[in-house]
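Peer 1: As input, take run_1.cif (mmCIF, C-alpha atoms):
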```cif
data_start
#
loop_
_atom_site.label_atom_id
_atom_site.label_comp_id
_atom_site.auth_asym_id
_atom_site.auth_seq_id
_atom_site.Cartn_x
_atom_site.Cartn_y
_atom_site.Cartn_z
CA MET A 763 103.81 144.28 106.77
CA SER A 764 102.16 147.65 107.34
CA LEU A 765 99.37 148.40 109.79
CA LEU A 766 96.79 148.33 106.99
CA ASP A 767 98.07 144.96 105.74
CA ARG A 768 97.95 143.48 109.23
CA TYR A 769 94.42 144.79 109.75
CA ILE A 770 93.06 143.24 106.55
CA PHE A 771 95.11 140.05 107.02
CA ARG A 772 93.73 139.60 110.53
CA ILE A 773 90.12 139.94 109.39
CA ALA A 774 90.56 137.51 106.47
CA GLY A 775 92.84 135.12 108.36
CA VAL A 776 90.53 134.70 111.34
CA ALA A 777 87.55 134.18 109.02
CA CYS A 778 89.48 131.63 106.95
CA LEU A 779 90.63 129.66 109.99
CA ALA A 780 87.16 129.68 111.57
CA THR A 781 85.54 128.55 108.32
CA LEU A 782 88.14 125.84 107.76
CA LEU A 783 87.79 124.41 111.27
CA SER A 784 83.99 124.56 111.33
CA LEU A 785 83.45 123.03 107.89
CA THR A 786 86.08 120.35 108.48
CA GLY A 787 84.54 119.50 111.85
CA VAL A 788 81.01 119.24 110.48
CA ILE A 789 82.01 117.08 107.52
CA TRP A 790 84.30 114.92 109.66
CA ILE A 791 81.48 114.24 112.14
CA SER A 792 79.14 113.26 109.29
CA GLN A 793 81.80 110.92 107.91
CA ALA A 794 82.53 109.48 111.36
CA LEU A 795 78.86 108.68 111.96
CA ARG A 796 78.95 106.46 108.87
CA GLU A 797 81.74 104.41 110.48
CA VAL A 798 79.98 103.76 113.79
CA ASP A 799 79.64 100.11 112.77
CA LEU A 800 83.36 99.79 113.52
CA LEU A 801 82.39 100.06 117.17
CA THR A 802 79.02 98.32 117.13
CA GLY A 803 79.26 95.68 114.42
CA LYS A 804 83.00 95.01 114.16
CA GLY A 805 84.04 95.25 117.76
CA GLN A 806 86.74 97.88 117.40
CA THR A 807 87.99 100.11 120.21
CA ILE A 808 87.25 103.82 120.39
CA MET A 809 90.90 104.56 119.61
CA MET A 810 90.76 102.49 116.43
CA PHE A 811 87.53 104.25 115.49
CA LEU A 812 89.06 107.71 116.01
CA THR A 813 92.23 106.72 114.18
CA ILE A 814 90.45 105.43 111.09
CA THR A 815 88.04 108.35 110.88
CA SER A 816 90.79 110.94 111.51
CA LEU A 817 92.80 109.64 108.57
CA SER A 818 90.24 111.31 106.29
CA LEU A 819 91.12 114.78 107.61
CA PRO A 820 93.94 115.56 105.11
CA ALA A 821 91.59 114.86 102.19
CA LEU A 822 88.91 117.06 103.78
CA VAL A 823 91.36 119.91 104.36
CA THR A 824 92.51 119.72 100.74
CA ILE A 825 88.96 120.22 99.50
CA ILE A 826 87.73 122.67 102.12
CA ALA A 827 90.76 125.01 102.41
CA PRO A 828 90.25 126.78 99.02
CA VAL A 829 86.54 127.14 99.76
CA ALA A 830 87.31 128.55 103.21
CA LEU A 831 89.71 131.04 101.60
CA PHE A 832 87.01 132.14 99.16
CA ILE A 833 84.46 132.59 101.94
CA ALA A 834 86.99 134.50 104.06
CA THR A 835 87.85 136.84 101.17
CA VAL A 836 84.19 137.54 100.49
CA TYR A 837 83.54 138.13 104.20
CA ALA A 838 86.52 140.44 104.67
CA LEU A 839 85.82 142.56 101.59
CA ASN A 840 82.12 142.74 102.38
CA LYS A 841 82.92 143.85 105.94
CA LEU A 842 85.41 146.49 104.77
CA ASN A 843 82.92 147.80 102.25
CA GLY A 844 79.99 147.69 104.68
CA ASP A 845 81.97 149.79 107.18
CA SER A 846 82.89 152.24 104.38
CA GLU A 847 86.57 151.39 104.90
CA LEU A 848 87.13 150.49 101.25
CA ILE A 849 85.69 153.86 100.25
CA VAL A 850 87.98 155.68 102.67
CA MET A 851 90.98 153.71 101.44
CA SER A 852 90.23 154.56 97.83
CA ALA A 853 89.62 158.22 98.73
CA ALA A 854 93.01 158.25 100.45
CA GLY A 855 94.65 157.01 97.25
CA VAL A 856 95.20 153.37 98.26
CA PRO A 857 95.47 151.39 95.00
CA PRO A 858 93.68 148.03 94.56
CA GLY A 859 97.05 146.28 94.52
CA ARG A 860 97.72 147.43 98.08
CA ILE A 861 94.38 146.05 99.23
CA LEU A 862 95.09 142.80 97.40
CA ARG A 863 98.47 142.31 99.10
CA PRO A 864 97.27 140.86 102.45
CA PHE A 865 94.83 138.57 100.64
CA LEU A 866 97.68 137.37 98.45
CA GLY A 867 99.78 136.62 101.53
CA LEU A 868 96.95 134.61 103.08
CA THR A 869 96.43 132.78 99.80
CA MET A 870 100.09 131.76 99.67
CA ILE A 871 99.81 130.29 103.19
CA VAL A 872 96.68 128.32 102.26
CA ALA A 873 98.27 127.18 98.97
CA VAL A 874 101.33 125.84 100.83
CA LEU A 875 99.00 124.01 103.22
CA VAL A 876 97.09 122.45 100.32
CA LEU A 877 100.34 121.47 98.59
CA ALA A 878 101.56 119.77 101.76
CA MET A 879 98.25 117.93 102.05
CA THR A 880 98.18 116.72 98.45
CA THR A 881 101.85 115.74 98.09
CA TRP A 882 102.51 114.24 101.50
CA ALA A 883 99.76 114.08 104.15
CA MET A 884 96.89 112.85 101.97
CA PRO A 885 98.67 109.90 100.27
CA ALA A 886 100.24 108.96 103.62
CA SER A 887 96.81 108.96 105.30
CA PHE A 888 95.24 106.89 102.53
CA ARG A 889 98.13 104.42 102.77
CA ALA A 890 97.82 104.19 106.56
CA LEU A 891 94.05 103.72 106.22
CA ARG A 892 94.58 100.83 103.80
CA ASP A 893 97.07 99.21 106.21
CA LEU A 894 94.72 99.62 109.16
CA ILE A 895 91.76 98.15 107.31
CA THR A 896 93.96 95.29 106.14
CA SER A 897 95.03 94.67 109.74
CA VAL A 898 91.45 94.69 110.99
CA ARG A 899 90.35 92.26 108.30
CA ALA A 900 93.34 89.98 108.83
CA ASP A 901 92.64 89.75 112.55
CA PHE A 902 88.90 89.45 112.10
CA VAL A 903 88.69 86.36 114.35
CA SER A 904 89.84 88.39 117.37
CA ASN A 905 88.46 91.81 116.46
CA VAL A 906 85.27 91.25 114.53
CA VAL A 907 83.62 87.89 115.15
CA LYS A 908 81.19 87.57 118.07
CA GLU A 909 80.48 84.35 119.92
CA GLY A 910 77.42 82.56 118.57
CA GLN A 911 76.93 84.98 115.68
CA PHE A 912 77.40 84.59 111.94
CA THR A 913 79.64 87.44 110.80
CA THR A 914 80.06 88.31 107.11
CA LEU A 915 82.99 90.34 105.81
CA ASP A 916 82.77 92.40 102.64
CA LEU A 917 85.33 90.10 100.97
CA GLY A 918 82.87 87.19 100.95
CA ILE A 919 83.90 85.47 104.20
CA THR A 920 81.28 84.21 106.67
CA PHE A 921 82.57 83.07 110.07
CA HIS A 922 80.90 81.53 113.13
CA TYR A 923 81.98 79.78 116.31
CA ARG A 924 79.74 78.28 118.97
CA GLU A 925 81.63 79.31 122.09
CA LYS A 926 85.03 80.19 123.46
CA ALA A 927 87.01 78.04 125.92
CA GLY A 928 90.03 80.01 127.05
CA GLU A 929 91.99 80.89 123.91
CA ALA A 930 90.33 78.13 121.86
CA LEU A 931 87.25 78.51 119.67
CA LEU A 932 84.76 75.64 119.66
CA GLY A 933 82.33 74.67 116.89
CA ILE A 934 83.89 76.60 114.01
CA PHE A 935 82.17 77.24 110.68
CA MET A 936 83.73 79.36 107.92
CA GLN A 937 82.51 79.88 104.35
CA ASP A 938 84.89 81.39 101.79
CA ARG A 939 83.15 82.69 98.67
CA ARG A 940 85.87 85.04 97.39
CA ASP A 941 86.23 82.79 94.34
CA LYS A 942 82.66 82.40 93.07
CA THR A 943 83.59 79.37 90.99
CA LYS A 944 85.21 77.45 93.90
CA PRO A 945 83.50 78.28 97.20
CA ALA A 946 84.82 76.44 100.23
CA ILE A 947 83.36 75.58 103.64
CA TYR A 948 85.55 74.84 106.68
CA ILE A 949 84.06 72.97 109.65
CA ALA A 950 86.11 72.12 112.75
CA GLU A 951 85.56 71.05 116.34
CA ARG A 952 88.02 73.63 117.66
CA GLY A 953 90.58 76.17 116.52
CA GLN A 954 92.96 78.79 117.77
CA THR A 955 94.65 81.87 116.31
CA VAL A 956 98.44 81.88 116.43
CA GLU A 957 101.14 84.11 114.96
CA ILE A 958 103.82 82.56 112.76
CA ASN A 959 106.62 84.74 111.38
CA GLY A 960 104.58 87.86 112.04
CA SER A 961 101.47 86.59 110.17
CA PRO A 962 98.22 85.52 111.89
CA TYR A 963 97.03 81.93 111.30
CA LEU A 964 93.89 80.08 112.34
CA VAL A 965 94.79 76.49 113.25
CA LEU A 966 91.77 74.18 112.96
CA GLU A 967 91.55 70.74 114.60
CA ASN A 968 89.37 67.71 113.76
CA GLY A 969 87.35 69.01 110.86
CA SER A 970 86.77 68.98 107.12
CA VAL A 971 86.96 71.21 104.05
CA GLN A 972 84.23 71.08 101.41
CA ARG A 973 85.10 72.58 98.03
CA GLU A 974 82.70 72.83 95.12
CA GLN A 975 84.21 71.77 91.80
CA PRO A 976 83.22 73.45 88.51
CA GLY A 977 81.06 71.14 86.44
CA SER A 978 80.37 68.76 89.33
CA SER A 979 77.33 68.58 91.58
CA ASP A 980 79.24 66.78 94.36
CA PRO A 981 81.69 68.77 96.49
CA ALA A 982 85.18 67.49 97.24
CA ILE A 983 85.49 66.79 100.97
CA VAL A 984 88.86 66.60 102.73
CA VAL A 985 88.96 65.46 106.37
CA PHE A 986 91.84 66.75 108.51
CA GLN A 987 93.16 66.58 112.04
CA ARG A 988 95.03 69.90 111.84
CA TYR A 989 94.66 72.59 109.19
CA ALA A 990 96.21 76.09 109.18
CA ILE A 991 94.61 79.03 107.39
CA ASP A 992 96.63 82.18 106.70
CA LEU A 993 94.37 85.02 107.91
CA SER A 994 96.50 87.72 106.27
CA GLN A 995 95.11 86.69 102.88
CA PHE A 996 91.73 88.02 104.02
CA GLY A 997 93.17 91.48 104.59
CA SER A 998 93.41 92.43 100.91
CA ASP A 999 92.33 91.29 97.51
CA GLY A 1000 95.64 89.57 96.95
CA ASP A 1001 98.56 88.06 98.84
CA THR A 1002 100.25 91.48 99.09
CA PRO A 1003 98.43 94.80 99.18
CA VAL A 1004 98.56 96.82 95.97
CA TYR A 1005 98.40 100.54 96.60
CA LYS A 1006 96.28 102.68 94.33
CA PRO A 1007 97.71 105.87 92.78
CA ARG A 1008 96.17 108.10 95.44
CA GLU A 1009 97.84 105.98 98.16
CA ARG A 1010 101.34 106.21 96.70
CA PRO A 1011 104.03 108.77 97.61
CA THR A 1012 104.51 111.62 95.19
CA ALA A 1013 108.07 110.45 94.45
CA MET A 1014 106.66 107.14 93.27
CA LEU A 1015 104.24 108.92 90.94
CA LEU A 1016 107.07 111.03 89.52
CA ASN A 1017 109.10 107.89 88.75
CA PRO A 1018 106.63 105.00 88.43
CA ASP A 1019 107.82 101.45 87.89
CA VAL A 1020 106.67 100.86 84.32
CA ASN A 1021 107.33 97.12 84.73
CA GLU A 1022 104.90 96.78 87.65
CA VAL A 1023 101.98 94.50 86.91
CA TYR A 1024 99.47 96.98 88.37
CA TYR A 1025 100.91 99.83 86.28
CA LYS A 1026 100.58 97.73 83.09
CA ILE A 1027 96.83 97.24 83.55
CA PRO A 1028 95.10 99.20 80.75
CA GLY A 1029 94.17 102.66 81.95
CA ASN A 1030 96.27 102.64 85.12
CA ALA A 1031 99.13 104.63 83.57
CA GLY A 1032 96.65 107.41 82.89
CA ARG A 1033 95.40 107.24 86.50
CA PHE A 1034 98.97 107.65 87.76
CA ARG A 1035 99.38 110.70 85.51
CA THR A 1036 96.07 112.21 86.63
CA GLU A 1037 96.83 111.76 90.32
CA LEU A 1038 100.26 113.37 89.97
CA HIS A 1039 99.00 116.50 88.22
CA ASP A 1040 95.94 116.79 90.46
CA ARG A 1041 98.29 117.03 93.44
CA PHE A 1042 100.39 119.82 91.94
CA SER A 1043 97.52 121.79 90.40
CA ALA A 1044 95.34 121.80 93.54
CA PRO A 1045 97.12 124.81 95.19
CA LEU A 1046 96.46 126.94 92.10
CA TYR A 1047 92.73 126.88 92.81
CA CYS A 1048 93.41 128.82 96.01
CA PHE A 1049 94.69 131.75 93.93
CA ALA A 1050 91.80 131.42 91.47
CA MET A 1051 89.14 131.48 94.20
CA MET A 1052 90.69 134.42 96.01
CA ALA A 1053 91.03 136.37 92.74
CA ILE A 1054 87.40 135.73 91.82
CA ALA A 1055 86.22 136.96 95.22
CA PHE A 1056 88.45 140.05 94.94
CA ALA A 1057 87.17 140.81 91.43
CA ALA A 1058 83.59 140.69 92.68
CA LEU A 1059 83.99 142.77 95.86
CA GLY A 1060 87.37 144.47 95.68
CA THR A 1061 86.04 147.82 94.45
CA PRO A 1062 84.14 150.14 96.83
CA ARG A 1063 80.36 150.23 96.52
CA THR A 1064 77.72 152.38 98.15
CA THR A 1065 74.84 150.91 100.07
CA ARG A 1066 72.62 151.58 97.04
CA GLN A 1067 74.80 149.29 94.94
CA GLY A 1068 73.79 145.79 95.97
CA ARG A 1069 76.59 143.33 96.68
CA GLY A 1070 74.37 140.24 96.53
CA ALA A 1071 74.55 139.97 92.75
CA ALA A 1072 78.34 140.26 92.83
CA ILE A 1073 78.62 137.54 95.49
CA GLY A 1074 76.26 135.31 93.51
CA ALA A 1075 78.29 135.80 90.34
CA ALA A 1076 81.49 134.94 92.25
CA ILE A 1077 79.95 131.72 93.58
CA VAL A 1078 78.86 130.71 90.08
CA ALA A 1079 82.32 131.50 88.69
CA VAL A 1080 84.02 129.42 91.38
CA GLY A 1081 81.66 126.53 90.68
CA LEU A 1082 82.38 126.68 86.94
CA VAL A 1083 86.13 126.71 87.54
CA ARG A 1084 85.95 123.65 89.79
CA ILE A 1085 83.68 121.83 87.33
CA ALA A 1086 86.19 122.59 84.57
CA GLY A 1087 88.94 121.16 86.80
CA PHE A 1088 87.02 117.94 87.41
CA ALA A 1089 86.29 117.61 83.68
CA ILE A 1090 89.97 118.02 82.84
CA SER A 1091 90.92 115.42 85.49
CA SER A 1092 88.55 112.92 83.89
CA LEU A 1093 90.06 113.69 80.46
CA ILE A 1094 93.75 113.31 81.39
CA PRO A 1095 93.70 109.47 81.81
CA ARG A 1096 92.59 109.13 78.18
CA ALA A 1097 94.50 112.05 76.66
CA GLY A 1098 97.99 113.05 77.74
CA TRP A 1099 97.73 116.34 75.84
CA ALA A 1100 95.19 117.53 78.42
CA VAL A 1101 97.82 117.73 81.19
CA PRO A 1102 98.61 121.46 80.63
CA LEU A 1103 94.89 122.21 80.94
CA ALA A 1104 95.00 121.09 84.58
CA TYR A 1105 97.22 124.09 85.32
CA LEU A 1106 95.81 126.42 82.70
CA ALA A 1107 92.23 126.34 84.04
CA PRO A 1108 92.95 127.86 87.49
CA LEU A 1109 95.66 130.18 86.12
CA LEU A 1110 93.33 131.49 83.41
CA ALA A 1111 90.54 132.01 85.92
CA CYS A 1112 92.95 133.91 88.17
CA ALA A 1113 94.21 136.08 85.30
CA VAL A 1114 90.70 136.94 84.10
CA ALA A 1115 89.53 137.76 87.62
CA LEU A 1116 92.52 140.01 88.33
CA GLY A 1117 92.05 141.64 84.94
CA ILE A 1118 88.50 142.53 85.89
CA ALA A 1119 89.59 143.75 89.32
CA PHE A 1120 92.28 146.04 87.89
CA ALA A 1121 90.40 147.10 84.75
CA PRO A 1122 91.08 150.81 84.05
CA THR A 1123 87.42 151.52 83.41
CA LEU A 1124 86.44 150.32 86.87
CA GLY A 1125 89.13 152.48 88.39
CA VAL A 1126 87.92 155.56 86.52
CA ARG A 1127 84.32 155.05 87.64
CA GLY A 1128 85.38 154.39 91.20
CA GLY A 1129 87.61 157.48 91.25
CA ALA A 1130 84.86 159.66 89.81
CA ARG A 1131 82.47 158.59 92.55
CA LEU A 1132 85.04 159.11 95.26
CA ARG A 1133 86.11 162.55 94.08
CA ARG A 1134 82.61 163.71 94.85
CA ALA A 1135 83.15 162.74 98.48
CA PRO A 1136 86.64 163.92 99.46
CA THR A 1137 85.79 164.66 103.07
CA PRO A 1138 85.21 162.07 105.80
CA ALA A 1139 81.66 163.36 106.28
CA HIS A 1140 80.86 162.86 102.62
CA ALA A 1141 82.53 159.47 102.70
CA ALA A 1142 80.34 158.42 105.62
CA ALA A 1143 77.26 159.70 103.78
CA ALA A 1144 78.22 157.69 100.70
CA GLY A 1145 78.36 154.56 102.85
#
```
Could you quickly redo this structure as structure tokens?
Peer 2:
Amino acid sequence: MSLLDRYIFRIAGVACLATLLSLTGVIWISQALREVDLLTGKGQTIMMFLTITSLSLPALVTIIAPVALFIATVYALNKLNGDSELIVMSAAGVPPGRILRPFLGLTMIVAVLVLAMTTWAMPASFRALRDLITSVRADFVSNVVKEGQFTTLDLGITFHYREKAGEALLGIFMQDRRDKTKPAIYIAERGQTVEINGSPYLVLENGSVQREQPGSSDPAIVVFQRYAIDLSQFGSDGDTPVYKPRERPTAMLLNPDVNEVYYKIPGNAGRFRTELHDRFSAPLYCFAMMAIAFAALGTPRTTRQGRGAAIGAAIVAVGLVRIAGFAISSLIPRAGWAVPLAYLAPLLACAVALGIAFAPTLGVRGGARLRRAPTPAHAAAAG
């Protein structure tokens, strides 16, 4: 890498890293503030709070990294042009491809980062987040419920106990409305959580179960001396957690089990296909955004030639490319023929942007302007 390449790479790289860290930090803090109820309302530790909120970072990096690259490219080119360095480079015979080279190197680094996020880190974080939430829900008696308070989980469980005597809970009330047609109410004098074969159970003593029967106004009441409730069933919607496409490893998306019940649900095969191609097409948007920024600001301009319109046009172009990508992603589940479009959209945007940046007519106009200012003094005056 030559001295010129290192100089441009340093300017763009520092700007990209600073933008990525600042935007990720701001968005992460805003997301974390929405989960404060983990500490206040659900009784979780600060470590659990930080762990759960930090698992969203790979998804944030995947979204923010291409935007940070675009901002860094715009900043670097605007700085080089504002200091008349682009004009001097062009006057010295430096072709646009040479100026593009350090930006291309930075883009490849960011694209590899995004690919690692989408194919490995992001699905792993989503999967870990699901497991953590399942664990918190399954152990809600110890982690969530407060003495003397009625606590409602989002699954339709309401739990209350009067007081705690050692490890035992006294005066237990639990309402289970997960099945709207057969709600159940558990009442017991005392209970205790125990672990059996690695699964948490709530063992109730001296109580009753009231179950409403469809078509009957009188509930069925069963009196018991001891009754065990498997708490792990409250951790997910079913007996075993079913991972969504975004939570599954990339290898599993490449070779899905077509006999899986979840995969056979109408529309889910298309969601698997969409998730797979979204992961592999995401890095291409890094190249598209960098190319758009370079097309807008890669040619030298004098101070009389405003750069605001070019920056505005680049922002609009980037927005249109991303909107096209989202539209294609929504189309793929219903139409398999749209899969190539997921890759064609960013590649076409990149090709068009580079075509504009290297258009012969732009080079002729730029060279004509610069030939009028061959000396450093004239170059400074042109700036």
Peer 1: Could you please determine the separation between atom CA of A:Ile919 and atom CA of A:Arg988 in Å, to one decimal place?
Peer 2: 20.6 Å
Peer 1: Translate the PyMOL selection byres ((chain A and resi 811-822) around 10), as applied to the file shown, into an explicit residue set as an NGL selection string.
Peer 2: :A and (782 or 785-787 or 789-791 or 793-801 or 805-810 or 823-827 or 876 or 878-880 or 882-892 or 894-895)
Peer 1: Keeping only C-alpha atoms, write the selected residues as a PDB file, keeping the file's coordinate frame.
Peer 2:
```
ATOM      1  CA  LEU A 782      88.140 125.840 107.760  1.00  0.00           C
ATOM      2  CA  LEU A 785      83.450 123.030 107.890  1.00  0.00           C
ATOM      3  CA  THR A 786      86.080 120.350 108.480  1.00  0.00           C
ATOM      4  CA  GLY A 787      84.540 119.500 111.850  1.00  0.00           C
ATOM      5  CA  ILE A 789      82.010 117.080 107.520  1.00  0.00           C
ATOM      6  CA  TRP A 790      84.300 114.920 109.660  1.00  0.00           C
ATOM      7  CA  ILE A 791      81.480 114.240 112.140  1.00  0.00           C
ATOM      8  CA  GLN A 793      81.800 110.920 107.910  1.00  0.00           C
ATOM      9  CA  ALA A 794      82.530 109.480 111.360  1.00  0.00           C
ATOM     10  CA  LEU A 795      78.860 108.680 111.960  1.00  0.00           C
ATOM     11  CA  ARG A 796      78.950 106.460 108.870  1.00  0.00           C
ATOM     12  CA  GLU A 797      81.740 104.410 110.480  1.00  0.00           C
ATOM     13  CA  VAL A 798      79.980 103.760 113.790  1.00  0.00           C
ATOM     14  CA  ASP A 799      79.640 100.110 112.770  1.00  0.00           C
ATOM     15  CA  LEU A 800      83.360  99.790 113.520  1.00  0.00           C
ATOM     16  CA  LEU A 801      82.390 100.060 117.170  1.00  0.00           C
ATOM     17  CA  GLY A 805      84.040  95.250 117.760  1.00  0.00           C
ATOM     18  CA  GLN A 806      86.740  97.880 117.400  1.00  0.00           C
ATOM     19  CA  THR A 807      87.990 100.110 120.210  1.00  0.00           C
ATOM     20  CA  ILE A 808      87.250 103.820 120.390  1.00  0.00           C
ATOM     21  CA  MET A 809      90.900 104.560 119.610  1.00  0.00           C
ATOM     22  CA  MET A 810      90.760 102.490 116.430  1.00  0.00           C
ATOM     23  CA  VAL A 823      91.360 119.910 104.360  1.00  0.00           C
ATOM     24  CA  THR A 824      92.510 119.720 100.740  1.00  0.00           C
ATOM     25  CA  ILE A 825      88.960 120.220  99.500  1.00  0.00           C
ATOM     26  CA  ILE A 826      87.730 122.670 102.120  1.00  0.00           C
ATOM     27  CA  ALA A 827      90.760 125.010 102.410  1.00  0.00           C
ATOM     28  CA  VAL A 876      97.090 122.450 100.320  1.00  0.00           C
ATOM     29  CA  ALA A 878     101.560 119.770 101.760  1.00  0.00           C
ATOM     30  CA  MET A 879      98.250 117.930 102.050  1.00  0.00           C
ATOM     31  CA  THR A 880      98.180 116.720  98.450  1.00  0.00           C
ATOM     32  CA  TRP A 882     102.510 114.240 101.500  1.00  0.00           C
ATOM     33  CA  ALA A 883      99.760 114.080 104.150  1.00  0.00           C
ATOM     34  CA  MET A 884      96.890 112.850 101.970  1.00  0.00           C
ATOM     35  CA  PRO A 885      98.670 109.900 100.270  1.00  0.00           C
ATOM     36  CA  ALA A 886     100.240 108.960 103.620  1.00  0.00           C
ATOM     37  CA  SER A 887      96.810 108.960 105.300  1.00  0.00           C
ATOM     38  CA  PHE A 888      95.240 106.890 102.530  1.00  0.00           C
ATOM     39  CA  ARG A 889      98.130 104.420 102.770  1.00  0.00           C
ATOM     40  CA  ALA A 890      97.820 104.190 106.560  1.00  0.00           C
ATOM     41  CA  LEU A 891      94.050 103.720 106.220  1.00  0.00           C
ATOM     42  CA  ARG A 892      94.580 100.830 103.800  1.00  0.00           C
ATOM     43  CA  LEU A 894      94.720  99.620 109.160  1.00  0.00           C
ATOM     44  CA  ILE A 895      91.760  98.150 107.310  1.00  0.00           C
TER      45      ILE A 895
END
```
Peer 1: Which residues, written as a CSV table (one decimal) with C-alpha atoms, in the frame of the given file, have at least one atom at most 12 Å from A:Pro1045, with all atoms listed in the file counted and residues fewer than 5 positions away on the same chain left out?
Peer 2:
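Listing of around_29.csv after writing:
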```csv
chain,number,residue,atom,x,y,z
A,823,VAL,CA,91.4,119.9,104.4
A,824,THR,CA,92.5,119.7,100.7
A,825,ILE,CA,89.0,120.2,99.5
A,826,ILE,CA,87.7,122.7,102.1
A,827,ALA,CA,90.8,125.0,102.4
A,828,PRO,CA,90.2,126.8,99.0
A,829,VAL,CA,86.5,127.1,99.8
A,831,LEU,CA,89.7,131.0,101.6
A,869,THR,CA,96.4,132.8,99.8
A,870,MET,CA,100.1,131.8,99.7
A,871,ILE,CA,99.8,130.3,103.2
A,872,VAL,CA,96.7,128.3,102.3
A,873,ALA,CA,98.3,127.2,99.0
A,874,VAL,CA,101.3,125.8,100.8
A,875,LEU,CA,99.0,124.0,103.2
A,876,VAL,CA,97.1,122.4,100.3
A,877,LEU,CA,100.3,121.5,98.6
A,878,ALA,CA,101.6,119.8,101.8
A,879,MET,CA,98.2,117.9,102.0
A,880,THR,CA,98.2,116.7,98.4
A,881,THR,CA,101.8,115.7,98.1
A,1039,HIS,CA,99.0,116.5,88.2
A,1040,ASP,CA,95.9,116.8,90.5
A,1050,ALA,CA,91.8,131.4,91.5
A,1051,MET,CA,89.1,131.5,94.2
A,1052,MET,CA,90.7,134.4,96.0
A,1104,ALA,CA,95.0,121.1,84.6
A,1105,TYR,CA,97.2,124.1,85.3
A,1108,PRO,CA,93.0,127.9,87.5
A,1109,LEU,CA,95.7,130.2,86.1
```
Peer 1: Closest to A:Leu848 among A:Pro981, A:Gly953, A:Pro1102, A:Pro1062, using only C-alpha atoms?
Peer 2: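 Smallest distance to A:Leu848 is found for A:Pro1062.
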Peer 1: Expressed in Å to a single decimal, how great is the separation between atom CA of A:Leu993 and atom CA of A:Tyr963?
Peer 2: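 About the pair atom CA of A:Leu993 and atom CA of A:Tyr963: they are 5.3 Å apart.
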Peer 1: Applying 8 Å and all atoms listed in the file, which residues near A:Ala838 remain after dropping the ones on its own chain fewer than 3 positions away? List them as a tab-separated table (two decimals) with C-alpha atoms, in the frame of the given file.
Peer 2:
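Ended up saving to out-v8.tsv:
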```tsv
chain	number	residue	atom	x	y	z
A	770	ILE	CA	93.06	143.24	106.55
A	773	ILE	CA	90.12	139.94	109.39
A	774	ALA	CA	90.56	137.51	106.47
A	777	ALA	CA	87.55	134.18	109.02
A	834	ALA	CA	86.99	134.50	104.06
A	835	THR	CA	87.85	136.84	101.17
A	841	LYS	CA	82.92	143.85	105.94
A	842	LEU	CA	85.41	146.49	104.77
```
Peer 1: Write out as JSON, numbers by chain each polymer residue whose atoms come within 10 Å of A:Ser1091, counting all atoms listed in the file; drop sequence neighbours fewer than 6 positions from it.
Peer 2: {"A": [1033, 1035, 1036, 1037, 1039, 1040, 1085, 1100, 1101, 1103, 1104]}
Peer 1: Name every residue that the PyMOL selection byres ((chain A and resi 966-973) around 8) selects in this structure, writing the answer as a PDB file with C-alpha atoms, keeping the file's coordinate frame with chains first and numbers rising.
Peer 2:
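For reference, result_29.pdb as written:
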```
ATOM      1  CA  LYS A 944      85.210  77.450  93.900  1.00  0.00           C
ATOM      2  CA  PRO A 945      83.500  78.280  97.200  1.00  0.00           C
ATOM      3  CA  ALA A 946      84.820  76.440 100.230  1.00  0.00           C
ATOM      4  CA  ILE A 947      83.360  75.580 103.640  1.00  0.00           C
ATOM      5  CA  TYR A 948      85.550  74.840 106.680  1.00  0.00           C
ATOM      6  CA  ILE A 949      84.060  72.970 109.650  1.00  0.00           C
ATOM      7  CA  ALA A 950      86.110  72.120 112.750  1.00  0.00           C
ATOM      8  CA  GLU A 951      85.560  71.050 116.340  1.00  0.00           C
ATOM      9  CA  ARG A 952      88.020  73.630 117.660  1.00  0.00           C
ATOM     10  CA  GLY A 953      90.580  76.170 116.520  1.00  0.00           C
ATOM     11  CA  GLN A 954      92.960  78.790 117.770  1.00  0.00           C
ATOM     12  CA  LEU A 964      93.890  80.080 112.340  1.00  0.00           C
ATOM     13  CA  VAL A 965      94.790  76.490 113.250  1.00  0.00           C
ATOM     14  CA  GLU A 974      82.700  72.830  95.120  1.00  0.00           C
ATOM     15  CA  GLN A 975      84.210  71.770  91.800  1.00  0.00           C
ATOM     16  CA  PRO A 981      81.690  68.770  96.490  1.00  0.00           C
ATOM     17  CA  ALA A 982      85.180  67.490  97.240  1.00  0.00           C
ATOM     18  CA  ILE A 983      85.490  66.790 100.970  1.00  0.00           C
ATOM     19  CA  VAL A 984      88.860  66.600 102.730  1.00  0.00           C
ATOM     20  CA  VAL A 985      88.960  65.460 106.370  1.00  0.00           C
ATOM     21  CA  PHE A 986      91.840  66.750 108.510  1.00  0.00           C
ATOM     22  CA  GLN A 987      93.160  66.580 112.040  1.00  0.00           C
ATOM     23  CA  ARG A 988      95.030  69.900 111.840  1.00  0.00           C
ATOM     24  CA  TYR A 989      94.660  72.590 109.190  1.00  0.00           C
ATOM     25  CA  ALA A 990      96.210  76.090 109.180  1.00  0.00           C
ATOM     26  CA  ILE A 991      94.610  79.030 107.390  1.00  0.00           C
TER      27      ILE A 991
END
```
Peer 1: What does the distance between atom CA of A:Asn843 and atom CA of A:Ala1107 come to in Å, to one decimal place?
Peer 2: 29.6 Å
Peer 1: Return as JSON, numbers by chain the set of residues that the PyMOL selection byres ((chain A and resi 1112) around 12) yields on the displayed structure.
Peer 2: {"A": [866, 1046, 1047, 1048, 1049, 1050, 1051, 1052, 1053, 1054, 1055, 1056, 1057, 1079, 1080, 1083, 1105, 1106, 1107, 1108, 1109, 1110, 1111, 1113, 1114, 1115, 1116, 1117, 1118, 1119]}
